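For reference, my_file_33.pdb (PDB, C-alpha atoms):
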MODEL        1
ATOM      1  CA  MET A 196     -19.379  -0.768  17.880
ATOM      2  CA  SER A 197     -18.000  -4.239  17.424
ATOM      3  CA  ARG A 198     -16.109  -5.332  14.357
ATOM      4  CA  PRO A 199     -18.347  -6.545  11.497
ATOM      5  CA  ALA A 200     -19.076 -10.252  11.528
ATOM      6  CA  GLN A 201     -16.838 -11.303   8.658
ATOM      7  CA  GLY A 202     -13.843 -13.453   7.947
ATOM      8  CA  SER A 203     -11.704 -10.655   6.531
ATOM      9  CA  ARG A 204     -10.422  -7.308   7.767
ATOM     10  CA  ILE A 205     -10.053  -6.058   4.193
ATOM     11  CA  ALA A 206     -12.425  -3.453   2.741
ATOM     12  CA  LEU A 207     -12.470  -3.172  -1.040
ATOM     13  CA  GLY A 208     -12.666   0.182  -2.846
ATOM     14  CA  ALA A 209     -14.489   0.564  -6.153
ATOM     15  CA  ALA A 210     -12.527   3.319  -7.874
ATOM     16  CA  TYR A 211      -9.239   1.692  -8.743
ATOM     17  CA  GLY A 212      -9.593  -0.983 -11.394
ATOM     18  CA  VAL A 213     -10.628  -4.360  -9.974
ATOM     19  CA  GLY A 214     -13.831  -5.531 -11.621
ATOM     20  CA  ALA A 215     -16.506  -8.160 -11.157
ATOM     21  CA  ARG A 216     -14.070 -11.057 -11.028
ATOM     22  CA  GLY A 217     -12.070  -9.376  -8.280
ATOM     23  CA  VAL A 218     -15.214  -8.533  -6.317
ATOM     24  CA  GLN A 219     -16.308 -12.162  -6.366
ATOM     25  CA  ARG A 220     -12.825 -13.352  -5.450
ATOM     26  CA  ALA A 221     -12.685 -10.947  -2.516
ATOM     27  CA  PHE A 222     -16.085 -12.114  -1.308
ATOM     28  CA  ASP A 223     -14.986 -15.747  -1.531
ATOM     29  CA  HIS A 224     -11.984 -14.819   0.630
ATOM     30  CA  GLY A 225     -14.295 -13.361   3.281
ATOM     31  CA  VAL A 226     -14.384  -9.655   2.343
ATOM     32  CA  ARG A 227     -17.767  -8.152   3.179
ATOM     33  CA  PHE A 228     -17.150  -4.377   3.185
ATOM     34  CA  PHE A 229     -17.232  -2.603  -0.181
ATOM     35  CA  LEU A 230     -16.739   1.146  -0.659
ATOM     36  CA  TRP A 231     -18.581   2.674  -3.625
ATOM     37  CA  GLY A 232     -16.443   5.772  -4.152
ATOM     38  CA  ALA A 233     -16.930   9.065  -5.981
ATOM     39  CA  LEU A 234     -16.078   7.701  -9.452
ATOM     40  CA  PRO A 235     -16.504   3.922  -9.180
ATOM     41  CA  LYS A 236     -15.646   1.513 -11.963
ATOM     42  CA  ALA A 237     -18.674   0.098 -13.767
ATOM     43  CA  ASP A 238     -17.397  -3.489 -13.756
ATOM     44  CA  PHE A 239     -16.927  -3.322  -9.991
ATOM     45  CA  GLY A 240     -20.571  -2.309  -9.734
ATOM     46  CA  ALA A 241     -21.607  -5.247 -11.891
ATOM     47  CA  GLY A 242     -19.849  -7.628  -9.531
ATOM     48  CA  LEU A 243     -21.356  -5.987  -6.478
ATOM     49  CA  ARG A 244     -24.874  -6.144  -7.969
ATOM     50  CA  THR A 245     -24.407  -9.850  -8.593
ATOM     51  CA  LEU A 246     -23.330 -10.416  -5.004
ATOM     52  CA  ALA A 247     -26.176  -8.314  -3.625
ATOM     53  CA  ARG A 248     -28.811 -10.392  -5.394
ATOM     54  CA  GLN A 249     -27.823 -13.465  -3.391
ATOM     55  CA  HIS A 250     -25.938 -12.181  -0.336
ATOM     56  CA  ARG A 251     -27.293  -8.713   0.448
ATOM     57  CA  ALA A 252     -27.662  -9.343   4.175
ATOM     58  CA  GLU A 253     -23.992 -10.371   4.404
ATOM     59  CA  LEU A 254     -22.636  -7.269   2.663
ATOM     60  CA  GLN A 255     -21.643  -3.900   4.061
ATOM     61  CA  ILE A 256     -21.926  -1.399   1.200
ATOM     62  CA  ALA A 257     -20.723   2.151   1.769
ATOM     63  CA  VAL A 258     -21.160   5.161  -0.505
ATOM     64  CA  GLN A 259     -18.988   8.273  -0.326
ATOM     65  CA  SER A 260     -20.289  11.818  -0.559
ATOM     66  CA  TYR A 261     -18.036  14.824  -1.035
ATOM     67  CA  ALA A 262     -21.060  17.160  -0.929
ATOM     68  CA  ARG A 263     -20.607  20.361   1.028
ATOM     69  CA  ARG A 264     -24.290  21.280   1.137
ATOM     70  CA  GLY A 265     -26.967  19.129   2.734
ATOM     71  CA  PHE A 266     -29.309  19.057  -0.273
ATOM     72  CA  ALA A 267     -26.531  17.618  -2.471
ATOM     73  CA  ILE A 268     -26.087  14.385  -0.486
ATOM     74  CA  ARG A 269     -29.270  12.523  -1.377
ATOM     75  CA  PRO A 270     -28.818  12.538  -5.201
ATOM     76  CA  GLY A 271     -25.524  10.650  -4.836
ATOM     77  CA  VAL A 272     -27.108   8.156  -2.466
ATOM     78  CA  GLU A 273     -30.028   7.576  -4.822
ATOM     79  CA  LEU A 274     -27.692   7.140  -7.786
ATOM     80  CA  ALA A 275     -25.662   4.550  -5.877
ATOM     81  CA  ARG A 276     -28.825   2.668  -4.870
ATOM     82  CA  TRP A 277     -30.023   2.684  -8.472
ATOM     83  CA  ARG A 278     -26.677   1.565  -9.925
ATOM     84  CA  LEU A 279     -26.266  -1.205  -7.354
ATOM     85  CA  LYS A 280     -29.946  -2.217  -7.404
ATOM     86  CA  THR A 281     -30.257  -2.161  -3.626
ATOM     87  CA  ASP A 282     -33.008  -0.756  -1.419
ATOM     88  CA  TYR A 283     -30.560   0.612   1.119
ATOM     89  CA  LEU A 284     -26.882   1.340   1.725
ATOM     90  CA  ASP A 285     -25.236   0.200   4.923
ATOM     91  CA  TRP A 286     -22.978   3.238   5.273
ATOM     92  CA  LEU A 287     -22.919   6.839   4.093
ATOM     93  CA  CYS A 288     -19.379   8.190   4.241
ATOM     94  CA  LEU A 289     -19.134  11.952   4.700
ATOM     95  CA  ALA A 290     -15.835  12.259   2.885
ATOM     96  CA  ASN A 291     -12.791  14.438   3.471
ATOM     97  CA  TRP A 292     -13.900  16.515   6.464
ATOM     98  CA  ASP A 293     -11.117  17.972   8.594
ATOM     99  CA  LYS A 294     -13.565  19.346  11.153
ATOM    100  CA  LEU A 295     -17.056  18.516  12.337
ATOM    101  CA  PRO A 296     -19.411  18.924   9.349
ATOM    102  CA  PRO A 297     -21.964  21.751   9.588
ATOM    103  CA  GLN A 298     -25.367  21.015  11.002
ATOM    104  CA  GLU A 299     -27.069  20.936   7.605
ATOM    105  CA  ILE A 300     -24.783  18.072   6.528
ATOM    106  CA  LEU A 301     -25.416  16.099   9.713
ATOM    107  CA  GLU A 302     -29.167  16.694   9.463
ATOM    108  CA  ALA A 303     -29.279  15.621   5.811
ATOM    109  CA  ALA A 304     -27.428  12.416   6.688
ATOM    110  CA  ALA A 305     -29.760  11.766   9.630
ATOM    111  CA  GLN A 306     -32.802  12.211   7.373
ATOM    112  CA  LEU A 307     -31.478   9.552   5.014
ATOM    113  CA  GLN A 308     -31.137   7.244   7.996
ATOM    114  CA  GLU A 309     -34.704   7.966   9.121
ATOM    115  CA  ARG A 310     -35.988   7.107   5.647
ATOM    116  CA  GLY A 311     -34.081   3.836   5.650
ATOM    117  CA  LEU A 312     -31.934   4.748   2.651
ATOM    118  CA  VAL A 313     -28.705   4.448   4.657
ATOM    119  CA  ARG A 314     -28.199   2.663   7.942
ATOM    120  CA  LYS A 315     -25.072   4.190   9.471
ATOM    121  CA  ILE A 316     -22.902   7.270   9.088
ATOM    122  CA  LEU A 317     -19.157   7.144   8.506
ATOM    123  CA  ILE A 318     -16.744  10.086   8.289
ATOM    124  CA  SER A 319     -13.286  10.340   6.736
ATOM    125  CA  CYS A 320     -10.727  12.832   7.964
ATOM    126  CA  HIS A 321      -7.031  13.658   7.617
ATOM    127  CA  HIS A 322      -6.818  16.079  10.564
ATOM    128  CA  ARG A 323      -6.373  13.754  13.525
ATOM    129  CA  PRO A 324      -7.301  16.232  16.299
ATOM    130  CA  ALA A 325     -10.773  16.515  14.757
ATOM    131  CA  PHE A 326     -11.664  12.945  15.689
ATOM    132  CA  ARG A 327     -12.276  13.977  19.273
ATOM    133  CA  ASP A 328     -15.100  16.212  17.999
ATOM    134  CA  PHE A 329     -16.617  13.289  16.098
ATOM    135  CA  LEU A 330     -17.334  11.571  19.407
ATOM    136  CA  ARG A 331     -19.897  14.206  20.360
ATOM    137  CA  PRO A 332     -22.633  14.239  17.708
ATOM    138  CA  PRO A 333     -24.903  11.224  17.830
ATOM    139  CA  GLY A 334     -25.024   9.137  14.709
ATOM    140  CA  ILE A 335     -21.391   8.984  13.540
ATOM    141  CA  ALA A 336     -20.776   5.272  13.814
ATOM    142  CA  GLY A 337     -17.552   4.880  11.847
ATOM    143  CA  TRP A 338     -14.252   6.649  11.224
ATOM    144  CA  MET A 339     -11.933   6.499   8.213
ATOM    145  CA  VAL A 340      -8.397   7.569   9.139
ATOM    146  CA  ARG A 341      -5.106   7.585   7.285
ATOM    147  CA  TYR A 342      -2.724   5.068   8.822
ATOM    148  CA  ASN A 343       0.355   3.352   7.462
ATOM    149  CA  ALA A 344       3.983   2.694   8.361
ATOM    150  CA  ALA A 345       4.879   6.314   7.560
ATOM    151  CA  HIS A 346       1.804   8.032   9.022
ATOM    152  CA  ARG A 347       1.471   6.561  12.502
ATOM    153  CA  GLY A 348       0.028   9.508  14.417
ATOM    154  CA  ALA A 349      -3.339   7.756  14.682
ATOM    155  CA  GLU A 350      -1.748   5.364  17.177
ATOM    156  CA  THR A 351      -1.692   8.105  19.807
ATOM    157  CA  GLU A 352      -4.245  10.652  18.563
ATOM    158  CA  VAL A 353      -7.137   8.587  17.188
ATOM    159  CA  PHE A 354      -7.076   4.936  18.207
ATOM    160  CA  PRO A 355      -7.188   5.622  21.978
ATOM    161  CA  LEU A 356     -10.455   7.515  21.401
ATOM    162  CA  ALA A 357     -12.095   4.488  19.789
ATOM    163  CA  GLN A 358     -12.690   2.576  23.004
ATOM    164  CA  GLY A 359     -15.630   1.157  24.922
ATOM    165  CA  PRO A 360     -18.866  -0.555  23.944
ATOM    166  CA  ALA A 361     -19.973   2.325  21.700
ATOM    167  CA  ARG A 362     -16.654   2.577  19.855
ATOM    168  CA  PRO A 363     -16.810   3.559  16.188
ATOM    169  CA  LEU A 364     -15.852   1.254  13.375
ATOM    170  CA  VAL A 365     -12.257   2.186  12.436
ATOM    171  CA  ILE A 366     -11.200   1.938   8.795
ATOM    172  CA  ALA A 367      -7.588   2.688   7.858
ATOM    173  CA  TYR A 368      -6.724   3.826   4.359
ATOM    174  CA  THR A 369      -3.603   4.709   2.320
ATOM    175  CA  ALA A 370      -1.791   1.626   3.614
ATOM    176  CA  LEU A 371       0.794   1.851   0.827
ATOM    177  CA  ARG A 372       1.197   5.643   1.168
ATOM    178  CA  TRP A 373       0.515   6.192  -2.541
ATOM    179  CA  GLY A 374       3.057   3.492  -3.354
ATOM    180  CA  THR A 375       6.022   5.246  -1.729
ATOM    181  CA  LEU A 376       6.444   2.523   0.890
ATOM    182  CA  LEU A 377       7.082   0.106  -1.999
ATOM    183  CA  ASP A 378       9.467   2.429  -3.869
ATOM    184  CA  PRO A 379      13.234   1.907  -3.416
ATOM    185  CA  ARG A 380      13.772   5.670  -3.828
ATOM    186  CA  TYR A 381      12.012   6.276  -0.498
ATOM    187  CA  ALA A 382      13.608   3.420   1.451
ATOM    188  CA  PRO A 383      16.476   3.788   3.931
ATOM    189  CA  PRO A 384      19.931   3.592   2.277
ATOM    190  CA  GLY A 385      20.952   0.021   1.676
ATOM    191  CA  GLU A 386      17.576  -1.416   2.682
ATOM    192  CA  PRO A 387      14.766  -2.718   0.475
ATOM    193  CA  PRO A 388      11.339  -1.066   0.584
ATOM    194  CA  LEU A 389       8.317  -2.837   1.963
ATOM    195  CA  SER A 390       6.339  -5.224  -0.175
ATOM    196  CA  ALA A 391       2.632  -4.542  -0.551
ATOM    197  CA  VAL A 392       1.952  -7.570   1.668
ATOM    198  CA  GLU A 393       4.200  -6.156   4.404
ATOM    199  CA  ALA A 394       2.603  -2.690   4.158
ATOM    200  CA  TYR A 395      -0.898  -4.117   4.510
ATOM    201  CA  ARG A 396       0.174  -6.428   7.320
ATOM    202  CA  PHE A 397       1.601  -3.449   9.206
ATOM    203  CA  VAL A 398      -1.831  -1.807   9.218
ATOM    204  CA  LEU A 399      -3.569  -5.057  10.123
ATOM    205  CA  SER A 400      -1.119  -5.568  13.002
ATOM    206  CA  ASN A 401      -2.819  -2.818  14.972
ATOM    207  CA  PRO A 402      -5.812  -4.243  16.862
ATOM    208  CA  ALA A 403      -7.543  -0.841  16.804
ATOM    209  CA  VAL A 404      -7.987  -1.157  13.036
ATOM    210  CA  ASP A 405     -11.207  -2.952  12.160
ATOM    211  CA  LEU A 406     -10.783  -2.754   8.397
ATOM    212  CA  CYS A 407      -7.957  -1.878   6.013
ATOM    213  CA  LEU A 408      -9.270  -0.204   2.867
ATOM    214  CA  VAL A 409      -7.476  -1.375  -0.271
ATOM    215  CA  GLY A 410      -7.727  -0.118  -3.830
ATOM    216  CA  PRO A 411      -6.174  -2.803  -6.057
ATOM    217  CA  ARG A 412      -5.939  -1.961  -9.739
ATOM    218  CA  ASP A 413      -5.524  -5.563 -10.892
ATOM    219  CA  GLU A 414      -5.628  -9.152  -9.715
ATOM    220  CA  GLU A 415      -1.994  -9.123  -8.608
ATOM    221  CA  GLU A 416      -2.582  -6.193  -6.270
ATOM    222  CA  LEU A 417      -5.724  -7.840  -4.934
ATOM    223  CA  THR A 418      -3.695 -10.979  -4.248
ATOM    224  CA  ALA A 419      -1.276  -8.932  -2.123
ATOM    225  CA  ALA A 420      -4.115  -7.590   0.035
ATOM    226  CA  LEU A 421      -5.745 -10.980   0.486
ATOM    227  CA  THR A 422      -2.382 -12.588   1.247
ATOM    228  CA  ALA A 423      -1.699  -9.969   3.931
ATOM    229  CA  ASP A 424      -5.079 -10.647   5.470
ATOM    230  CA  ALA A 425      -4.399 -14.386   5.531
ATOM    231  CA  GLN A 426      -0.907 -14.037   7.024
ATOM    232  CA  GLY A 427      -1.993 -11.731   9.824
ATOM    233  CA  PRO A 428       0.078  -9.384  11.999
ATOM    234  CA  LEU A 429       3.795  -8.787  11.548
ATOM    235  CA  GLY A 430       6.290  -9.982  14.141
ATOM    236  CA  GLU A 431       8.200  -7.514  16.300
ATOM    237  CA  ALA A 432      11.281  -7.497  14.070
ATOM    238  CA  GLU A 433       9.108  -7.005  10.993
ATOM    239  CA  LEU A 434       7.193  -4.176  12.678
ATOM    240  CA  HIS A 435      10.467  -2.482  13.569
ATOM    241  CA  ARG A 436      11.638  -2.685   9.955
ATOM    242  CA  ALA A 437       8.299  -1.387   8.659
ATOM    243  CA  ARG A 438       8.548   1.642  10.947
ATOM    244  CA  ARG A 439      12.123   2.263   9.808
ATOM    245  CA  VAL A 440      11.080   2.195   6.146
ATOM    246  CA  GLY A 441       8.068   4.348   6.978
ATOM    247  CA  ASP A 442      10.215   6.937   8.730
ATOM    248  CA  ALA A 443      12.469   7.194   5.683
ATOM    249  CA  ALA A 444       9.498   7.652   3.352
ATOM    250  CA  TYR A 445       7.951  10.240   5.640
ATOM    251  CA  ALA A 446      11.213  12.187   5.929
ATOM    252  CA  HIS A 447      11.438  12.327   2.144
ATOM    253  CA  GLY A 448       7.927  13.733   1.903
ATOM    254  CA  ARG A 449       8.536  16.231   4.700
ATOM    255  CA  ALA A 450      11.674  17.777   3.209
ATOM    256  CA  GLN A 451      12.072  21.484   3.926
ATOM    257  CA  PRO A 452      12.048  24.218   1.233
ATOM    258  CA  PRO A 453      13.357  24.406  -1.378
ATOM    259  CA  SER A 454      13.671  20.612  -1.464
ATOM    260  CA  ARG A 455      10.031  20.205  -0.383
ATOM    261  CA  MET A 456       8.759  22.159  -3.382
ATOM    262  CA  ARG A 457      10.935  20.060  -5.645
ATOM    263  CA  ASP A 458       9.441  16.904  -4.103
ATOM    264  CA  VAL A 459       5.902  18.206  -4.552
ATOM    265  CA  LEU A 460       6.517  19.107  -8.193
ATOM    266  CA  ALA A 461       8.016  15.672  -8.775
ATOM    267  CA  GLU A 462       4.723  14.109  -7.638
ATOM    268  CA  VAL A 463       2.507  16.185  -9.955
ATOM    269  CA  PRO A 464       2.605  13.732 -12.910
ATOM    270  CA  ASP A 465       1.656  10.827 -10.652
ATOM    271  CA  MET A 466      -1.150  12.828  -9.027
ATOM    272  CA  ALA A 467      -2.486  13.765 -12.472
ATOM    273  CA  ARG A 468      -2.437  10.118 -13.549
ATOM    274  CA  SER A 469      -4.214   9.142 -10.322
ATOM    275  CA  LEU A 470      -6.952  11.713 -10.921
ATOM    276  CA  TRP A 471      -7.405  10.623 -14.530
ATOM    277  CA  ARG A 472      -7.379   6.913 -13.738
ATOM    278  CA  ASP A 473      -9.175   6.743 -10.384
ATOM    279  CA  GLY A 474     -11.012  10.043  -9.950
ATOM    280  CA  LEU A 475     -11.531  11.548  -6.523
ATOM    281  CA  THR A 476     -10.364   9.161  -3.817
ATOM    282  CA  GLU A 477      -9.209   9.425  -0.226
ATOM    283  CA  HIS A 478      -5.765   8.343  -1.439
ATOM    284  CA  LEU A 479      -5.570  11.375  -3.725
ATOM    285  CA  PHE A 480      -6.811  13.836  -1.118
ATOM    286  CA  SER A 481      -4.351  12.482   1.431
ATOM    287  CA  ARG A 482      -1.435  13.693  -0.707
ATOM    288  CA  PHE A 483      -2.388  17.246   0.159
ATOM    289  CA  ASN A 484      -2.440  16.524   3.888
ATOM    290  CA  ARG A 485       1.092  15.469   4.739
TER     291      ARG A 485
ENDMDL
END
Translate this file's structure into structure tokens.
Amino acid sequence: MSRPAQGSRIALGAAYGVGARGVQRAFDHGVRFFLWGALPKADFGAGLRTLARQHRAELQIAVQSYARRGFAIRPGVELARWRLKTDYLDWLCLANWDKLPPQEILEAAAQLQERGLVRKILISCHHRPAFRDFLRPPGIAGWMVRYNAAHRGAETEVFPLAQGPARPLVIAYTALRWGTLLDPRYAPPGEPPLSAVEAYRFVLSNPAVDLCLVGPRDEEELTAALTADAQGPLGEAELHRARRVGDAAYAHGRAQPPSRMRDVLAEVPDMARSLWRDGLTEHLFSRFNR
């Protein structure tokens, strides 16, 4: 599958805080992919409805489903269609599967396609070896995979699979690694952390990535994502530094017991705030899949 016809490689998530103004600004920049997550912000929906009234054919709207039974998928799809005032959704994301979903899930998704309620199926996964299985069933047209300067395993385990004329759409998420790539506490000694622009540009530097999913909570964070998109790939020296910072952040998160437990407990307050503020998101789930 070829990359969507759009000017931007940024995909905008609905659960984090940016509202109608940010949606319009992203669209004006060239963003065309919008992810309507599990607990989306109402003002984001208002902006997306406004866009859809005039530009529906240009938009790619995806809805996430965390349902684990086939019959539970359609109510979420119908609710999203009703809230966004659209006859169809471009993508249904089967969210947070670390193995091939059971047949009842795949059949329920296929039925929604047959009825014209959704057009394509997308799957998100943290367990990289599972992506090979996603090549087999017909109908899975897009992959969401965690990829950032700290988590680079997709470069060898996932991206080489996404080749050829029938390749899936590849969406990378958790570009900032829950903010740790921007935190001086996780950086190499004596070296500054990455900026948000650098972290996004690292992801966008990989040609296998079609879209980088971002979840800005305010206009400043949206500016960082749009700036990264405009500036394009990092240079070799910048890529080397990003990997070095990523390795330091990853090593911190992979500390062995008892230090690892101490690190996990230290993250609990931030995880609780994330759940309260943003609800269920791929960024939150990814914390439990180091």
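The shortest atom-to-atom distance to A:Asn291, with all atoms listed in the file taken into account, belongs to A:His322 out of A:Gly265, A:Arg310, A:His322, A:Leu279.
Here atom CA of A:Pro332 is placed at a distance of 12.8 Å from atom CA of A:Ala361.
Checking A:Arg396, A:Arg269, A:His250, A:Arg438 one by one against A:Leu307, counting all atoms listed in the file, you find the shortest gap at A:Arg269.
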* Residues within 12 Å of (-28.6, 9.4, -2.4), counting only C-alpha atoms, listed as a VMD selection string -> chain A and resid 257 to 262 265 to 279 281 to 284 286 to 288 303 to 304 306 to 308 310 to 313
* For A:Ala394, which residue among A:Pro360, A:Glu415, A:Arg436, A:Pro379 is the nearest when counting only C-alpha atoms? ->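 For A:Ala394, the nearest of the given residues is A:Arg436.
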